[in-house]
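The file target_32.pdb comes next; it holds PDB, C-alpha atoms.
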ATOM      1  CA  MET A  62     107.436 127.442  87.445
ATOM      2  CA  THR A  63     111.215 127.771  87.637
ATOM      3  CA  SER A  64     111.213 126.715  91.278
ATOM      4  CA  VAL A  65     109.107 123.655  90.449
ATOM      5  CA  ARG A  66     111.594 122.671  87.748
ATOM      6  CA  LEU A  67     114.517 123.154  90.106
ATOM      7  CA  PHE A  68     112.740 121.085  92.724
ATOM      8  CA  LEU A  69     112.053 118.352  90.202
ATOM      9  CA  CYS A  70     115.654 118.278  89.029
ATOM     10  CA  LEU A  71     116.912 117.994  92.596
ATOM     11  CA  ALA A  72     114.546 115.146  93.324
ATOM     12  CA  ILE A  73     115.494 113.263  90.168
ATOM     13  CA  ALA A  74     119.170 113.808  90.887
ATOM     14  CA  ALA A  75     118.634 112.506  94.396
ATOM     15  CA  ALA A  76     116.998 109.376  93.083
ATOM     16  CA  ALA A  77     119.682 108.863  90.483
ATOM     17  CA  CYS A  78     122.710 109.159  92.712
ATOM     18  CA  ASP A  79     122.029 106.705  95.443
ATOM     19  CA  SER A  80     125.429 107.202  96.993
ATOM     20  CA  ALA A  81     126.966 104.556  99.183
ATOM     21  CA  GLN A  82     126.890 105.421 102.850
ATOM     22  CA  GLU A  83     128.415 103.522 105.694
ATOM     23  CA  GLY A  84     125.725 101.332 107.195
ATOM     24  CA  GLY A  85     124.543 101.804 110.737
ATOM     25  CA  ALA A  86     125.905  99.426 113.346
ATOM     26  CA  PRO A  87     123.299  96.876 114.383
ATOM     27  CA  GLU A  88     121.749  97.393 117.794
ATOM     28  CA  PRO A  89     121.522  94.640 120.429
ATOM     29  CA  GLY A  90     118.579  92.397 119.671
ATOM     30  CA  THR A  91     118.851  92.945 115.939
ATOM     31  CA  GLU A  92     119.131  89.875 113.759
ATOM     32  CA  LEU A  93     122.183  90.400 111.609
ATOM     33  CA  TYR A  94     120.476  88.079 109.197
ATOM     34  CA  ALA A  95     117.638  85.606 109.176
ATOM     35  CA  ILE A  96     116.657  83.008 106.643
ATOM     36  CA  SER A  97     114.228  80.128 106.687
ATOM     37  CA  PRO A  98     116.094  76.817 107.185
ATOM     38  CA  GLU A  99     113.533  75.225 104.855
ATOM     39  CA  ASP A 100     114.753  77.440 102.010
ATOM     40  CA  VAL A 101     118.473  76.728 102.454
ATOM     41  CA  ARG A 102     119.946  74.734  99.593
ATOM     42  CA  GLU A 103     123.674  74.815 100.247
ATOM     43  CA  VAL A 104     125.923  75.210 103.288
ATOM     44  CA  VAL A 105     129.682  75.653 103.401
ATOM     45  CA  PHE A 106     131.284  75.780 106.831
ATOM     46  CA  THR A 107     135.025  76.283 106.822
ATOM     47  CA  ALA A 108     137.304  76.139 109.840
ATOM     48  CA  PRO A 109     141.094  75.785 109.866
ATOM     49  CA  GLU A 110     140.831  72.122 110.867
ATOM     50  CA  HIS A 111     137.461  71.204 109.368
ATOM     51  CA  ARG A 112     135.435  71.547 106.185
ATOM     52  CA  LEU A 113     131.753  70.877 105.892
ATOM     53  CA  TYR A 114     129.719  70.992 102.706
ATOM     54  CA  ALA A 115     126.033  70.189 102.548
ATOM     55  CA  TYR A 116     123.770  70.365  99.526
ATOM     56  CA  ARG A 117     120.287  69.468  98.411
ATOM     57  CA  TRP A 118     118.688  69.998  95.028
ATOM     58  CA  SER A 119     115.352  71.142  96.385
ATOM     59  CA  PRO A 120     113.884  72.012  99.787
ATOM     60  CA  THR A 121     112.042  68.684  99.893
ATOM     61  CA  ASP A 122     115.271  66.686  99.524
ATOM     62  CA  THR A 123     117.550  65.571 102.346
ATOM     63  CA  PHE A 124     120.880  67.360 102.636
ATOM     64  CA  GLN A 125     123.898  65.329 101.590
ATOM     65  CA  ILE A 126     126.912  66.103 103.752
ATOM     66  CA  THR A 127     130.596  65.925 102.956
ATOM     67  CA  ALA A 128     132.947  66.538 105.882
ATOM     68  CA  ALA A 129     136.722  66.582 106.029
ATOM     69  CA  THR A 130     139.163  66.995 108.910
ATOM     70  CA  ARG A 131     142.796  68.035 108.655
ATOM     71  CA  GLY A 132     145.132  65.087 109.076
ATOM     72  CA  ARG A 133     142.573  62.453 108.118
ATOM     73  CA  THR A 134     142.798  60.863 104.695
ATOM     74  CA  GLU A 135     139.148  59.885 104.587
ATOM     75  CA  VAL A 136     136.315  62.203 103.693
ATOM     76  CA  GLU A 137     133.019  61.450 105.364
ATOM     77  CA  ARG A 138     129.799  61.392 103.412
ATOM     78  CA  CYS A 139     126.347  60.973 104.850
ATOM     79  CA  ALA A 140     122.745  62.045 104.593
ATOM     80  CA  ALA A 141     121.793  64.768 107.050
ATOM     81  CA  GLY A 142     120.015  63.780 110.223
ATOM     82  CA  ALA A 143     118.407  65.514 113.161
ATOM     83  CA  GLY A 144     121.770  66.870 114.307
ATOM     84  CA  PHE A 145     122.247  68.729 111.056
ATOM     85  CA  GLN A 146     118.717  70.112 111.239
ATOM     86  CA  ARG A 147     119.468  71.506 114.702
ATOM     87  CA  TRP A 148     122.748  72.947 113.470
ATOM     88  CA  LEU A 149     121.090  74.540 110.418
ATOM     89  CA  THR A 150     118.322  76.020 112.534
ATOM     90  CA  ALA A 151     120.969  77.478 114.860
ATOM     91  CA  VAL A 152     122.816  79.256 112.029
ATOM     92  CA  ALA A 153     119.675  80.373 110.181
ATOM     93  CA  ARG A 154     119.408  83.524 112.300
ATOM     94  CA  MET A 155     121.981  85.599 114.134
ATOM     95  CA  PRO A 156     120.458  87.767 116.873
ATOM     96  CA  ILE A 157     123.020  90.162 118.271
ATOM     97  CA  GLU A 158     123.400  90.296 122.049
ATOM     98  CA  ARG A 159     125.992  93.026 122.401
ATOM     99  CA  LYS A 160     128.907  94.685 120.744
ATOM    100  CA  LEU A 161     132.258  93.537 122.105
ATOM    101  CA  ASP A 162     134.322  96.272 123.713
ATOM    102  CA  ARG A 163     137.430  94.090 123.486
ATOM    103  CA  PRO A 164     137.356  92.252 120.183
ATOM    104  CA  PHE A 165     139.092  88.918 119.691
ATOM    105  CA  GLU A 166     142.073  88.602 117.416
ATOM    106  CA  PRO A 167     140.299  87.937 114.105
ATOM    107  CA  ARG A 168     142.448  84.915 113.255
ATOM    108  CA  GLY A 169     142.981  81.533 114.797
ATOM    109  CA  ALA A 170     141.602  78.038 115.047
ATOM    110  CA  GLU A 171     138.244  79.141 116.422
ATOM    111  CA  TRP A 172     137.326  81.394 113.498
ATOM    112  CA  THR A 173     135.068  79.893 110.857
ATOM    113  CA  ASP A 174     133.499  81.060 107.629
ATOM    114  CA  LEU A 175     129.882  80.235 106.954
ATOM    115  CA  ARG A 176     128.102  80.462 103.625
ATOM    116  CA  LEU A 177     124.383  79.848 103.220
ATOM    117  CA  ARG A 178     122.768  79.741  99.798
ATOM    118  CA  ASP A 179     119.019  79.465  99.446
ATOM    119  CA  THR A 180     116.502  78.855  96.678
ATOM    120  CA  THR A 181     116.479  82.517  95.597
ATOM    121  CA  ASP A 182     118.736  84.325  93.145
ATOM    122  CA  LEU A 183     120.101  86.469  95.970
ATOM    123  CA  GLU A 184     123.748  86.609  96.866
ATOM    124  CA  PRO A 185     124.655  83.964  99.459
ATOM    125  CA  ILE A 186     124.930  84.917 103.099
ATOM    126  CA  ASP A 187     128.604  85.014 104.054
ATOM    127  CA  VAL A 188     129.622  85.534 107.667
ATOM    128  CA  ARG A 189     132.686  85.034 109.830
ATOM    129  CA  LEU A 190     132.056  83.449 113.198
ATOM    130  CA  ARG A 191     134.207  82.674 116.191
ATOM    131  CA  VAL A 192     132.975  79.412 117.651
ATOM    132  CA  PRO A 193     134.663  79.135 121.064
ATOM    133  CA  VAL A 194     136.049  75.966 122.535
ATOM    134  CA  ALA A 195     135.152  77.133 126.037
ATOM    135  CA  ASN A 196     131.501  77.135 127.073
ATOM    136  CA  ASP A 197     131.821  80.370 129.048
ATOM    137  CA  GLU A 198     132.578  82.403 125.923
ATOM    138  CA  PRO A 199     129.962  83.608 123.465
ATOM    139  CA  VAL A 200     129.796  82.887 119.774
ATOM    140  CA  VAL A 201     131.156  86.016 118.097
ATOM    141  CA  LEU A 202     130.264  87.399 114.719
ATOM    142  CA  GLN A 203     132.532  89.751 112.803
ATOM    143  CA  SER A 204     130.554  92.446 110.967
ATOM    144  CA  GLY A 205     132.664  95.055 109.236
ATOM    145  CA  ALA A 206     135.145  96.399 111.750
ATOM    146  CA  HIS A 207     133.071  95.300 114.743
ATOM    147  CA  GLN A 208     132.541  92.082 116.642
ATOM    148  CA  TYR A 209     129.270  91.089 118.276
ATOM    149  CA  ALA A 210     128.310  88.374 120.703
ATOM    150  CA  VAL A 211     125.404  86.533 119.107
ATOM    151  CA  ALA A 212     122.680  84.467 120.727
ATOM    152  CA  VAL A 213     123.589  81.193 119.069
ATOM    153  CA  ASP A 214     124.295  77.989 120.941
ATOM    154  CA  ALA A 215     128.037  77.274 120.810
ATOM    155  CA  VAL A 216     127.618  73.577 121.595
ATOM    156  CA  THR A 217     125.323  73.131 118.602
ATOM    157  CA  LEU A 218     127.726  75.016 116.347
ATOM    158  CA  ARG A 219     130.688  72.968 117.561
ATOM    159  CA  SER A 220     128.903  69.770 116.570
ATOM    160  CA  ALA A 221     129.923  70.480 112.961
ATOM    161  CA  ARG A 222     133.463  69.541 113.968
ATOM    162  CA  SER A 223     132.312  65.976 114.589
ATOM    163  CA  GLY A 224     131.124  65.622 111.007
ATOM    164  CA  CYS A 225     128.737  62.809 110.184
ATOM    165  CA  ALA A 226     128.902  61.390 113.697
ATOM    166  CA  ALA A 227     126.964  64.406 114.950
ATOM    167  CA  LEU A 228     125.152  65.647 111.867
ATOM    168  CA  GLY A 229     124.411  62.586 109.779
ATOM    169  CA  SER A 230     121.742  59.954 109.794
ATOM    170  CA  VAL A 231     123.216  57.009 107.941
ATOM    171  CA  ALA A 232     126.267  56.722 105.753
ATOM    172  CA  VAL A 233     125.313  56.748 102.066
ATOM    173  CA  ALA A 234     128.665  56.031 100.504
ATOM    174  CA  ALA A 235     131.914  54.440 101.391
ATOM    175  CA  PRO A 236     134.464  56.992 102.576
ATOM    176  CA  ALA A 237     136.550  58.389  99.773
ATOM    177  CA  SER A 238     140.270  58.874 100.104
ATOM    178  CA  LEU A 239     141.857  62.276 100.022
ATOM    179  CA  PRO A 240     145.459  62.895  99.063
ATOM    180  CA  ARG A 241     147.465  64.068 102.026
TER     181      ARG A 241
ATOM    182  CA  MET B 178      94.670  85.984 107.186
ATOM    183  CA  PRO B 179      98.250  85.697 108.534
ATOM    184  CA  ALA B 180      98.886  87.487 111.812
ATOM    185  CA  LYS B 181     101.566  89.783 110.462
ATOM    186  CA  ARG B 182     101.497  91.380 107.051
ATOM    187  CA  ILE B 183     102.983  94.398 105.320
ATOM    188  CA  ASP B 184     100.871  96.345 102.878
ATOM    189  CA  VAL B 185     102.663  98.387 100.201
ATOM    190  CA  ASN B 186     100.441 100.767  98.271
ATOM    191  CA  LEU B 187     102.281 101.972  95.177
ATOM    192  CA  ALA B 188      99.628 104.542  94.276
ATOM    193  CA  MET B 189      99.805 106.167  97.705
ATOM    194  CA  GLN B 190     103.519 105.455  98.243
ATOM    195  CA  THR B 191     102.735 104.135 101.692
ATOM    196  CA  VAL B 192     103.605 101.106 103.784
ATOM    197  CA  ALA B 193     101.435  99.781 106.587
ATOM    198  CA  ALA B 194     102.333  96.898 108.892
ATOM    199  CA  TYR B 195      99.474  94.959 110.434
ATOM    200  CA  ASP B 196      99.414  92.590 113.361
ATOM    201  CA  SER B 197      96.094  90.842 112.735
ATOM    202  CA  GLU B 198      93.846  93.838 112.088
ATOM    203  CA  THR B 199      95.817  96.286 114.236
ATOM    204  CA  VAL B 200      98.133  98.734 112.530
ATOM    205  CA  PHE B 201     101.585  98.304 114.045
ATOM    206  CA  HIS B 202     103.230 101.003 111.953
ATOM    207  CA  ALA B 203     102.427 103.148 108.934
ATOM    208  CA  CYS B 204     104.773 105.339 106.947
ATOM    209  CA  GLY B 205     105.638 106.761 103.564
ATOM    210  CA  CYS B 206     107.883 105.022 101.080
ATOM    211  CA  VAL B 207     109.447 105.501  97.672
ATOM    212  CA  SER B 208     109.081 102.515  95.379
ATOM    213  CA  GLY B 209     110.495 101.623  91.976
ATOM    214  CA  ASP B 210     110.555 104.226  89.242
ATOM    215  CA  LYS B 211     108.729 104.050  85.909
ATOM    216  CA  SER B 212     111.499 101.951  84.350
ATOM    217  CA  HIS B 213     111.890  99.622  87.346
ATOM    218  CA  PRO B 214     108.464  99.316  88.939
ATOM    219  CA  THR B 215     108.101  97.423  92.187
ATOM    220  CA  PRO B 216     106.368  94.156  91.236
ATOM    221  CA  LYS B 217     102.787  93.876  92.407
ATOM    222  CA  GLY B 218     101.575  90.716  94.090
ATOM    223  CA  LEU B 219     101.517  88.653  97.224
ATOM    224  CA  TYR B 220     104.890  87.721  98.683
ATOM    225  CA  LYS B 221     106.507  86.738 101.935
ATOM    226  CA  ILE B 222     109.720  87.858 103.554
ATOM    227  CA  LEU B 223     112.381  85.388 102.479
ATOM    228  CA  ARG B 224     115.435  86.894 104.074
ATOM    229  CA  LYS B 225     116.460  89.660 106.474
ATOM    230  CA  HIS B 226     119.859  91.294 106.574
ATOM    231  CA  HIS B 227     121.315  94.264 108.447
ATOM    232  CA  PRO B 228     123.669  95.884 107.809
ATOM    233  CA  TYR B 229     123.613  94.929 104.168
ATOM    234  CA  THR B 230     125.398  96.106 101.045
ATOM    235  CA  SER B 231     124.442  94.718  97.680
ATOM    236  CA  LYS B 232     127.496  93.225  96.031
ATOM    237  CA  THR B 233     125.755  93.434  92.669
ATOM    238  CA  TYR B 234     124.915  97.128  92.786
ATOM    239  CA  LYS B 235     127.493  98.133  95.419
ATOM    240  CA  VAL B 236     124.931 100.127  97.356
ATOM    241  CA  PRO B 237     123.887  99.909 101.001
ATOM    242  CA  MET B 238     120.458  98.446 101.717
ATOM    243  CA  ASN B 239     120.326  98.440 105.489
ATOM    244  CA  TYR B 240     117.436  96.802 107.332
ATOM    245  CA  ALA B 241     116.750  94.801 104.180
ATOM    246  CA  LEU B 242     113.608  92.664 104.152
ATOM    247  CA  PHE B 243     113.811  90.698 100.895
ATOM    248  CA  PHE B 244     110.458  89.566  99.578
ATOM    249  CA  THR B 245     111.177  88.414  96.022
ATOM    250  CA  THR B 246     113.610  85.795  94.812
ATOM    251  CA  THR B 247     115.270  88.417  92.588
ATOM    252  CA  GLY B 248     116.244  90.748  95.423
ATOM    253  CA  VAL B 249     113.426  93.265  95.771
ATOM    254  CA  ALA B 250     113.343  94.433  99.379
ATOM    255  CA  LEU B 251     111.998  96.947 101.782
ATOM    256  CA  HIS B 252     115.051  98.761 103.111
ATOM    257  CA  GLN B 253     116.494 102.015 104.411
ATOM    258  CA  TYR B 254     116.945 104.895 101.987
ATOM    259  CA  HIS B 255     120.613 105.906 101.765
ATOM    260  CA  GLY B 256     120.561 108.616  99.114
ATOM    261  CA  PRO B 257     122.127 112.034  99.536
ATOM    262  CA  ALA B 258     118.958 114.076  99.088
ATOM    263  CA  PRO B 259     116.646 114.775 102.012
ATOM    264  CA  TRP B 260     113.825 112.290 102.338
ATOM    265  CA  LEU B 261     111.128 114.942 102.053
ATOM    266  CA  LEU B 262     112.596 116.149  98.788
ATOM    267  CA  LEU B 263     112.629 112.631  97.412
ATOM    268  CA  ARG B 264     109.030 112.077  98.456
ATOM    269  CA  ALA B 265     107.968 115.374  96.929
ATOM    270  CA  GLY B 266     109.765 114.525  93.717
ATOM    271  CA  ARG B 267     108.015 111.175  93.567
ATOM    272  CA  ALA B 268     104.684 112.890  94.075
ATOM    273  CA  LEU B 269     105.413 114.954  90.973
ATOM    274  CA  THR B 270     106.709 112.181  88.712
ATOM    275  CA  ASP B 271     107.276 108.435  88.749
ATOM    276  CA  ALA B 272     110.597 109.036  87.023
ATOM    277  CA  VAL B 273     111.785 109.388  90.613
ATOM    278  CA  GLY B 274     112.213 106.121  92.425
ATOM    279  CA  SER B 275     114.321 103.069  93.080
ATOM    280  CA  HIS B 276     115.344 100.097  90.945
ATOM    281  CA  GLY B 277     112.353  98.203  92.316
ATOM    282  CA  CYS B 278     112.965  98.190  96.043
ATOM    283  CA  VAL B 279     110.731  99.944  98.547
ATOM    284  CA  ARG B 280     112.772 102.637 100.232
ATOM    285  CA  LEU B 281     111.995 103.762 103.749
ATOM    286  CA  GLN B 282     113.300 106.298 106.215
ATOM    287  CA  GLU B 283     115.798 104.806 108.647
ATOM    288  CA  ASP B 284     113.478 104.820 111.670
ATOM    289  CA  ASP B 285     110.682 103.184 109.706
ATOM    290  CA  ALA B 286     113.021 100.586 108.213
ATOM    291  CA  ARG B 287     114.450  99.769 111.649
ATOM    292  CA  LYS B 288     111.010  99.416 113.167
ATOM    293  CA  LEU B 289     109.755  97.074 110.450
ATOM    294  CA  TYR B 290     112.974  95.038 110.499
ATOM    295  CA  GLY B 291     112.695  94.394 114.215
ATOM    296  CA  TRP B 292     109.015  93.519 113.983
ATOM    297  CA  ALA B 293     108.714  91.328 110.880
ATOM    298  CA  PRO B 294     109.872  87.713 111.079
ATOM    299  CA  ILE B 295     110.764  85.543 108.114
ATOM    300  CA  GLY B 296     107.544  84.516 106.391
ATOM    301  CA  THR B 297     105.689  87.780 107.036
ATOM    302  CA  VAL B 298     103.296  88.378 104.148
ATOM    303  CA  VAL B 299     104.020  91.380 101.919
ATOM    304  CA  GLU B 300     101.243  92.568  99.639
ATOM    305  CA  VAL B 301     102.192  95.056  96.936
ATOM    306  CA  HIS B 302      99.273  96.739  95.162
ATOM    307  CA  GLU B 303      98.283  99.954  93.498
ATOM    308  CA  THR B 304      95.092 101.189  95.031
ATOM    309  CA  PRO B 305      94.280 104.847  94.388
ATOM    310  CA  PRO B 306      92.919 106.948  97.249
TER     311      PRO B 306
END
Please lay out the structure from this file as structure tokens.
Amino acid sequence: MTSVRLFLCLAIAAAACDSAQEGGAPEPGTELYAISPEDVREVVFTAPEHRLYAYRWSPTDTFQITAATRGRTEVERCAAGAGFQRWLTAVARMPIERKLDRPFEPRGAEWTDLRLRDTTDLEPIDVRLRVPVANDEPVVLQSGAHQYAVAVDAVTLRSARSGCAALGSVAVAAPASLPR
Amino acid sequence: MPAKRIDVNLAMQTVAAYDSETVFHACGCVSGDKSHPTPKGLYKILRKHHPYTSKTYKVPMNYALFFTTTGVALHQYHGPAPWLLLRAGRALTDAVGSHGCVRLQEDDARKLYGWAPIGTVVEVHETPP
């Protein structure tokens, strides 16, 4: 009877103290995350020279995009078009190709921050991505202390830098002015 | 019937993954405790994330397959006690368990994570043997 009690106490203690362990590094082929593009409600894409914000109130609505570029006084606003749908589909899952043996300097003009918020109460997905200017370099995702090449089309990701010209359908409002 | 579905039996503390009618993988699990029972019902996988640490609870939840809008997921067990001990404890009392998530051994969690796409049906029920 004593041994059963001891066993029970150990099991309860084990369940109670769910200690934090360092997570395992994702293997090649693993999706670092995946989400249905249909469930995404809000997107924030931040690069040193560009800002993109897209929002819709419900999954049946069209995304409304606001895009800004450093050095330009005007902020673009437009309804999302097919280009944005392609871009959103591209960032909705991040399959890892390989771990980089020689990581990139984690700062610079090519590094972007992406936030995806969906219709759930879950925390948003926040990732840091290096979107290369050159086509012969992979898109790189920073995860903890490691960097991974991910199977995401760089050309599609770069289209966010063109704002409404690449992502929008038709302009829905006159451009607003931004203070310099 | 959807091609891929995951069956969680709370009474048996088991998880079975089906591709059509073929069992892809079956394993044991530890679900929510008496105070935080895993919600029964029919769901679908809404989000996958690995590695993943909950900012709310500050605990790792690797190979997380979220199937409710409030954050209930199938994921890897990270506790300090051996898995067999946890399972045995759960068999003795439902005071042992998670805060609602379905905990799995690492190999099982990895296998399900790689197999189940977004939208995979998850059925949580309590069917005695």
field: Selection dump of the PyMOL selection byres ((chain B) within 6 of (chain A)), as a PyMOL selection string
entry: chain B and resi 224-228+236-237+246-248+256+258+262-263+266+273-274
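When the PyMOL selection byres ((chain B and resi 219) around 7) is run on the displayed coordinates, the residues it returns are B:Gly218, B:Tyr220, B:Val299, B:Glu300, B:Val301.
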message: Neighbouring residues of A:Leu149 were defined as those with any atom within 9 Å, considering all atoms listed in the file; residues of the same chain fewer than 5 positions away were excluded. Please report them as a VMD selection string.
response: chain A and resid 98 101 104 144 218
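If you measure from each of A:Ala226, A:Ala128, A:Leu202, A:Ala221 to A:Phe165 using only C-alpha atoms, the closest one turns out to be A:Leu202.
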- request: Give as a PyMOL selection string the residues that the PyMOL selection byres ((chain A and resi 137) around 8) matches when applied to the coordinates above.
  value: chain A and resi 126-129+135-136+138-139+224-225+236-237
The selected residues should be written to file as a PDB file, keeping the file's coordinate frame (atoms: C-alpha atoms).
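What ended up in result-v6.pdb:
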ATOM      1  CA  ILE A 126     126.912  66.103 103.752  1.00  0.00           C
ATOM      2  CA  THR A 127     130.596  65.925 102.956  1.00  0.00           C
ATOM      3  CA  ALA A 128     132.947  66.538 105.882  1.00  0.00           C
ATOM      4  CA  ALA A 129     136.722  66.582 106.029  1.00  0.00           C
ATOM      5  CA  GLU A 135     139.148  59.885 104.587  1.00  0.00           C
ATOM      6  CA  VAL A 136     136.315  62.203 103.693  1.00  0.00           C
ATOM      7  CA  ARG A 138     129.799  61.392 103.412  1.00  0.00           C
ATOM      8  CA  CYS A 139     126.347  60.973 104.850  1.00  0.00           C
ATOM      9  CA  GLY A 224     131.124  65.622 111.007  1.00  0.00           C
ATOM     10  CA  CYS A 225     128.737  62.809 110.184  1.00  0.00           C
ATOM     11  CA  PRO A 236     134.464  56.992 102.576  1.00  0.00           C
ATOM     12  CA  ALA A 237     136.550  58.389  99.773  1.00  0.00           C
TER      13      ALA A 237
END
field: Residues within 9 Å of A:Arg117, only C-alpha atoms, excluding chain neighbours under 3 positions, as a VMD selection string
entry: chain A and resid 101 to 103 120 to 125
- prompt: Can you tell me how far atom CA of B:Arg287 sits from atom CA of B:His252, in Å to one decimal?
  reply: 8.6 Å
- request: Please indicate the distance in Å from atom CA of B:Asp271 to atom CA of B:Tyr290, rounded to one decimal place.
  value: 26.2 Å
- line: atom CA of B:Met189 sits from atom CA of B:Gln253 at a separation of 18.5 Å
- request: For a cut-off of 6 Å around (114.9, 111.4, 105.2), file coordinates, pick out all residues using only C-alpha atoms and list them as number ranges by chain.
  value: B: 259-260, 282
- prompt: So which one's closest to B:Asp210, B:Ala286, B:Leu242, B:Ala193, B:Leu187? Using only C-alpha atoms, please.
  reply: B:Leu187
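Of the residues listed (A:His111, A:Arg189, A:Arg222, A:His207), A:His207 shows the shortest atom-to-atom separation from A:Arg163; distances use only C-alpha atoms.
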Could you tell me, as a short mmCIF file (atom, residue, chain, number, x, y, z; two decimals) with C-alpha atoms, in the coordinates of the input, which residues have any atom at most 6 Å from (134.8, 78.3, 114.8), counting only C-alpha atoms?
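File point-v1.cif, as written:
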data_model
loop_
_atom_site.label_atom_id
_atom_site.label_comp_id
_atom_site.auth_asym_id
_atom_site.auth_seq_id
_atom_site.Cartn_x
_atom_site.Cartn_y
_atom_site.Cartn_z
CA ALA A 108 137.30 76.14 109.84
CA GLU A 171 138.24 79.14 116.42
CA TRP A 172 137.33 81.39 113.50
CA THR A 173 135.07 79.89 110.86
CA ARG A 191 134.21 82.67 116.19
CA VAL A 192 132.98 79.41 117.65
#
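Distances from B:Cys278, B:Ala250, B:Val192, B:Ala265 to B:Pro214 were compared using all atoms listed in the file, and the smallest one belongs to B:Cys278.
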How would stretch 131-150 of chain A look with N, CA and C atoms restored, written as a PDB file, keeping the file's coordinate frame?
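Here's the written file rebuild_39.pdb:
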ATOM      1  N   ARG A 131     141.354  67.987 108.930  1.00  0.00           N
ATOM      2  CA  ARG A 131     142.796  68.035 108.655  1.00  0.00           C
ATOM      3  C   ARG A 131     143.494  66.832 109.313  1.00  0.00           C
ATOM      4  N   GLY A 132     144.361  66.201 108.549  1.00  0.00           N
ATOM      5  CA  GLY A 132     145.132  65.087 109.076  1.00  0.00           C
ATOM      6  C   GLY A 132     144.493  63.735 108.836  1.00  0.00           C
ATOM      7  N   ARG A 133     143.227  63.727 108.414  1.00  0.00           N
ATOM      8  CA  ARG A 133     142.573  62.453 108.118  1.00  0.00           C
ATOM      9  C   ARG A 133     142.501  62.282 106.606  1.00  0.00           C
ATOM     10  N   THR A 134     142.804  61.094 106.144  1.00  0.00           N
ATOM     11  CA  THR A 134     142.798  60.863 104.695  1.00  0.00           C
ATOM     12  C   THR A 134     141.391  60.620 104.177  1.00  0.00           C
ATOM     13  N   GLU A 135     140.488  60.231 105.049  1.00  0.00           N
ATOM     14  CA  GLU A 135     139.148  59.885 104.587  1.00  0.00           C
ATOM     15  C   GLU A 135     138.199  61.068 104.700  1.00  0.00           C
ATOM     16  N   VAL A 136     137.371  61.192 103.677  1.00  0.00           N
ATOM     17  CA  VAL A 136     136.315  62.203 103.693  1.00  0.00           C
ATOM     18  C   VAL A 136     135.019  61.495 104.049  1.00  0.00           C
ATOM     19  N   GLU A 137     134.285  62.068 104.972  1.00  0.00           N
ATOM     20  CA  GLU A 137     133.019  61.450 105.364  1.00  0.00           C
ATOM     21  C   GLU A 137     131.911  61.916 104.435  1.00  0.00           C
ATOM     22  N   ARG A 138     130.991  61.006 104.162  1.00  0.00           N
ATOM     23  CA  ARG A 138     129.799  61.392 103.412  1.00  0.00           C
ATOM     24  C   ARG A 138     128.599  60.748 104.082  1.00  0.00           C
ATOM     25  N   CYS A 139     127.549  61.520 104.212  1.00  0.00           N
ATOM     26  CA  CYS A 139     126.347  60.973 104.850  1.00  0.00           C
ATOM     27  C   CYS A 139     125.139  61.822 104.491  1.00  0.00           C
ATOM     28  N   ALA A 140     123.975  61.260 104.711  1.00  0.00           N
ATOM     29  CA  ALA A 140     122.745  62.045 104.593  1.00  0.00           C
ATOM     30  C   ALA A 140     122.529  62.763 105.920  1.00  0.00           C
ATOM     31  N   ALA A 141     121.987  63.974 105.830  1.00  0.00           N
ATOM     32  CA  ALA A 141     121.793  64.768 107.050  1.00  0.00           C
ATOM     33  C   ALA A 141     120.735  64.147 107.949  1.00  0.00           C
ATOM     34  N   GLY A 142     120.969  64.271 109.233  1.00  0.00           N
ATOM     35  CA  GLY A 142     120.015  63.780 110.223  1.00  0.00           C
ATOM     36  C   GLY A 142     119.516  64.913 111.104  1.00  0.00           C
ATOM     37  N   ALA A 143     118.984  64.520 112.250  1.00  0.00           N
ATOM     38  CA  ALA A 143     118.407  65.514 113.161  1.00  0.00           C
ATOM     39  C   ALA A 143     119.467  66.488 113.677  1.00  0.00           C
ATOM     40  N   GLY A 144     120.691  65.998 113.827  1.00  0.00           N
ATOM     41  CA  GLY A 144     121.770  66.870 114.307  1.00  0.00           C
ATOM     42  C   GLY A 144     122.050  68.003 113.336  1.00  0.00           C
ATOM     43  N   PHE A 145     122.014  67.683 112.049  1.00  0.00           N
ATOM     44  CA  PHE A 145     122.247  68.729 111.056  1.00  0.00           C
ATOM     45  C   PHE A 145     121.094  69.726 111.046  1.00  0.00           C
ATOM     46  N   GLN A 146     119.876  69.219 111.209  1.00  0.00           N
ATOM     47  CA  GLN A 146     118.717  70.112 111.239  1.00  0.00           C
ATOM     48  C   GLN A 146     118.825  71.102 112.391  1.00  0.00           C
ATOM     49  N   ARG A 147     119.274  70.611 113.549  1.00  0.00           N
ATOM     50  CA  ARG A 147     119.468  71.506 114.702  1.00  0.00           C
ATOM     51  C   ARG A 147     120.559  72.528 114.402  1.00  0.00           C
ATOM     52  N   TRP A 148     121.634  72.060 113.797  1.00  0.00           N
ATOM     53  CA  TRP A 148     122.748  72.947 113.470  1.00  0.00           C
ATOM     54  C   TRP A 148     122.298  74.019 112.460  1.00  0.00           C
ATOM     55  N   LEU A 149     121.553  73.597 111.437  1.00  0.00           N
ATOM     56  CA  LEU A 149     121.090  74.540 110.418  1.00  0.00           C
ATOM     57  C   LEU A 149     120.123  75.563 111.021  1.00  0.00           C
ATOM     58  N   THR A 150     119.252  75.099 111.871  1.00  0.00           N
ATOM     59  CA  THR A 150     118.322  76.020 112.534  1.00  0.00           C
ATOM     60  C   THR A 150     119.086  77.040 113.379  1.00  0.00           C
TER      61      THR A 150
END
